[in-house]
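Asker: First the structure, then my questions, so here it is.
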Amino acid sequence: MNKRNYQNELDKIISRNQGNRPTLLLHSCCGPCSSSVLEYLTQYFKVTLLWFNPNLYPEEEFVRRLETQKELIEKMGLSETVQVLAEPWRKEEYDRATAGFENEPEGGKRCEKCFQLRLRECAKIAKEHGFDYFCSTLTVSRHKNAVLINTIGEAVAEEFKIAWLPSDFKKRNGENRSVALSEKYGIYRQVYCGCEFSLKARLQPKMQEAETEKGRENESDNS
Ligand code: SF4
């Protein structure tokens, strides 16, 4: 079976559209990931950014990441050209979509449901507002499965009869560039993917370490 190169497919769409500037609804998972993607896509598309991330936990983190997203757009000098459509924190939708998969490891079935929820909403809004294309920043991360994301994108594109823009933004240094841009603009970079389960997974080793340390202290107090 031929392995698809989503980045080449995107290049072909861009060259087919040369001279035009199609409209694109870009789902963004967070400010840092969106930085290199925005730098790249705004050269060829009229981009509107969709903030629909009901996976984020807790709510303060949702607010902080949204503020970071807006700060980035401002600092990149894109506030005149990139409009932000921000959906509120609809956590109950994430909970419903991922119910039964809470204990899955990162990269497993829970993440697939999480991608589906966010991409489906993006396709729906893109259709309602008459965008030419929709896509997501999710493929910029090496921790995310680009084949799965593109497969879901194509399935929801079919459902809503709207064009999915294939991508593998991590190719051609996209992820490193997003790290460099985030550092350049001094924006907040989170240390966990987003949901409460990824937060717990991140905190667990630290809590275990703290408990072991406490145990050691108790032992030396008793000796
Ligand atoms: S780990 Fe990330 S992609 Fe997976 S369910 Fe949680 S927020 Fe979504």
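Following the order of the structure tokens, first chain is A, next is B, and so on, with residues numbered from 1 inside each chain and ligands from 1 in the order they appear.
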Mind dumping a table of every region 19-79 of chain A residue within 9 Å of region 162-179 of chain A, with the nearest atom pair and its distance in Å to one decimal, using only C-alpha atoms, sorted by chain and rising number, as JSON lines?
Answerer:
{"residue": "A:Leu24", "atom": "CA", "partner": "A:Leu165", "partner_atom": "CA", "distance": 8.6}
{"residue": "A:Pro32", "atom": "CA", "partner": "A:Ser178", "partner_atom": "CA", "distance": 6.0}
{"residue": "A:Cys33", "atom": "CA", "partner": "A:Ser178", "partner_atom": "CA", "distance": 5.9}
{"residue": "A:Ser34", "atom": "CA", "partner": "A:Ser178", "partner_atom": "CA", "distance": 7.3}
{"residue": "A:Ser35", "atom": "CA", "partner": "A:Ser178", "partner_atom": "CA", "distance": 5.4}
{"residue": "A:Ser36", "atom": "CA", "partner": "A:Ser178", "partner_atom": "CA", "distance": 4.7}
{"residue": "A:Val37", "atom": "CA", "partner": "A:Phe169", "partner_atom": "CA", "distance": 6.9}
Asker: Let me see the file: selected residues, C-alpha atoms, as a compact mmCIF listing (two decimals), in the first residue's frame.
Answerer:
# COMPACT_ATOMS: atom_id res chain seq x y z
CA LEU A 24 -9.95 28.36 5.41
CA PRO A 32 2.18 27.30 20.40
CA CYS A 33 1.10 24.64 17.84
CA SER A 34 -0.71 27.24 15.75
CA SER A 35 2.30 29.56 15.41
CA SER A 36 4.18 27.87 12.55
CA VAL A 37 0.92 26.76 10.94
Asker: What residues have any atom no more than 7 Å from ligand 1 when counting only C-alpha atoms and all ligand atoms, and can you list them as a list in words?
Answerer: Asn55, Leu56, Glu106, Gly107, Arg110, Cys111, Cys114, Phe115, Cys193, Gly194, Cys195, Phe197 and Ser198 of chain A
Asker: Check the smallest atom-to-atom distance from each of A:Lys3, A:Lys109, A:Arg216, A:Lys161 to Ala126 (chain A) using only C-alpha atoms, then report the winner.
Answerer: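 Ranked by minimum distance to Ala126 (chain A), first place goes to A:Lys161.
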Asker: What's around Arg189 (chain A) at 10 Å? Count only C-alpha atoms, leave out sequence neighbours fewer than 3 positions away in its own chain, and write the answer as a PDB file with N, CA and C atoms, in the first residue's frame.
Answerer:
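File produced: result-v5.pdb:
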ATOM      1  N   CYS A  30      -3.917  24.865  20.180  1.00  0.00           N
ATOM      2  CA  CYS A  30      -3.299  25.766  21.166  1.00  0.00           C
ATOM      3  C   CYS A  30      -2.434  26.794  20.433  1.00  0.00           C
ATOM      4  N   GLY A  31      -2.095  27.861  21.134  1.00  0.00           N
ATOM      5  CA  GLY A  31      -1.279  28.922  20.542  1.00  0.00           C
ATOM      6  C   GLY A  31       0.062  28.423  20.018  1.00  0.00           C
ATOM      7  N   PRO A  32       0.859  27.738  20.865  1.00  0.00           N
ATOM      8  CA  PRO A  32       2.175  27.297  20.396  1.00  0.00           C
ATOM      9  C   PRO A  32       2.107  26.475  19.098  1.00  0.00           C
ATOM     10  N   CYS A  33       1.203  25.478  19.052  1.00  0.00           N
ATOM     11  CA  CYS A  33       1.101  24.643  17.836  1.00  0.00           C
ATOM     12  C   CYS A  33       0.653  25.465  16.628  1.00  0.00           C
ATOM     13  N   ARG A  65      -5.224  29.137  27.815  1.00  0.00           N
ATOM     14  CA  ARG A  65      -4.755  28.775  26.462  1.00  0.00           C
ATOM     15  C   ARG A  65      -5.428  29.634  25.389  1.00  0.00           C
ATOM     16  N   THR A  68      -3.700  32.901  25.434  1.00  0.00           N
ATOM     17  CA  THR A  68      -2.381  32.732  24.794  1.00  0.00           C
ATOM     18  C   THR A  68      -2.525  32.748  23.276  1.00  0.00           C
ATOM     19  N   VAL A 179       8.114  25.737  18.083  1.00  0.00           N
ATOM     20  CA  VAL A 179       8.822  25.944  19.365  1.00  0.00           C
ATOM     21  C   VAL A 179       9.603  27.258  19.302  1.00  0.00           C
ATOM     22  N   SER A 182       7.248  30.246  19.463  1.00  0.00           N
ATOM     23  CA  SER A 182       6.677  30.405  20.807  1.00  0.00           C
ATOM     24  C   SER A 182       7.705  31.045  21.735  1.00  0.00           C
ATOM     25  N   GLU A 183       8.959  30.627  21.584  1.00  0.00           N
ATOM     26  CA  GLU A 183      10.019  31.232  22.414  1.00  0.00           C
ATOM     27  C   GLU A 183      10.221  32.689  22.027  1.00  0.00           C
ATOM     28  N   GLY A 186       7.522  34.660  23.448  1.00  0.00           N
ATOM     29  CA  GLY A 186       7.408  34.524  24.912  1.00  0.00           C
ATOM     30  C   GLY A 186       6.020  34.125  25.374  1.00  0.00           C
ATOM     31  N   TYR A 192       1.171  19.634  29.408  1.00  0.00           N
ATOM     32  CA  TYR A 192       0.386  18.411  29.192  1.00  0.00           C
ATOM     33  C   TYR A 192      -0.562  18.650  28.028  1.00  0.00           C
TER      34      TYR A 192
END
Asker: Report the closest atom pair, with its distance in Å rounded to one decimal, for each residue of region 75-177 of chain A that has an atom no farther than 12 Å from region 201-214 of chain A; count only C-alpha atoms, sort by chain and then rising residue number, and write it as CSV.
Answerer:
residue,atom,partner,partner_atom,distance
A:Glu102,CA,A:Ala201,CA,11.6
A:Asn103,CA,A:Ala201,CA,10.2
A:Glu104,CA,A:Ala201,CA,10.9
A:Pro105,CA,A:Ala201,CA,8.9
A:Glu106,CA,A:Ala201,CA,8.9
Asker: Would you export the selected residues with C-alpha atoms as a PDB file, in the first residue's frame, please?
Answerer:
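Saved file part.pdb follows:
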ATOM      1  CA  GLU A 102     -11.029   7.518  30.279  1.00  0.00           C
ATOM      2  CA  ASN A 103      -8.274   5.048  31.144  1.00  0.00           C
ATOM      3  CA  GLU A 104      -6.868   4.755  27.648  1.00  0.00           C
ATOM      4  CA  PRO A 105      -3.227   5.747  27.287  1.00  0.00           C
ATOM      5  CA  GLU A 106      -2.358   8.917  25.401  1.00  0.00           C
TER       6      GLU A 106
END
Asker: Counting only C-alpha atoms, which of A:Glu74, A:Leu66, A:Thr23, A:Glu112 gets nearest to Val147 (chain A)?
Answerer: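 Result for the nearest residue to Val147 (chain A): A:Glu112.
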Asker: Rank A:Lys12, A:His27, A:Arg90, A:Arg21 by their smallest atom-to-atom distance to Leu119 (chain A), using only C-alpha atoms, and report the top residue only.
Answerer: A:His27
Asker: Kindly give the distance, in Å, that separates CA of Glu154 (chain A) and CA of Thr98 (chain A), rounded to a single decimal.
Answerer: 20.6 Å
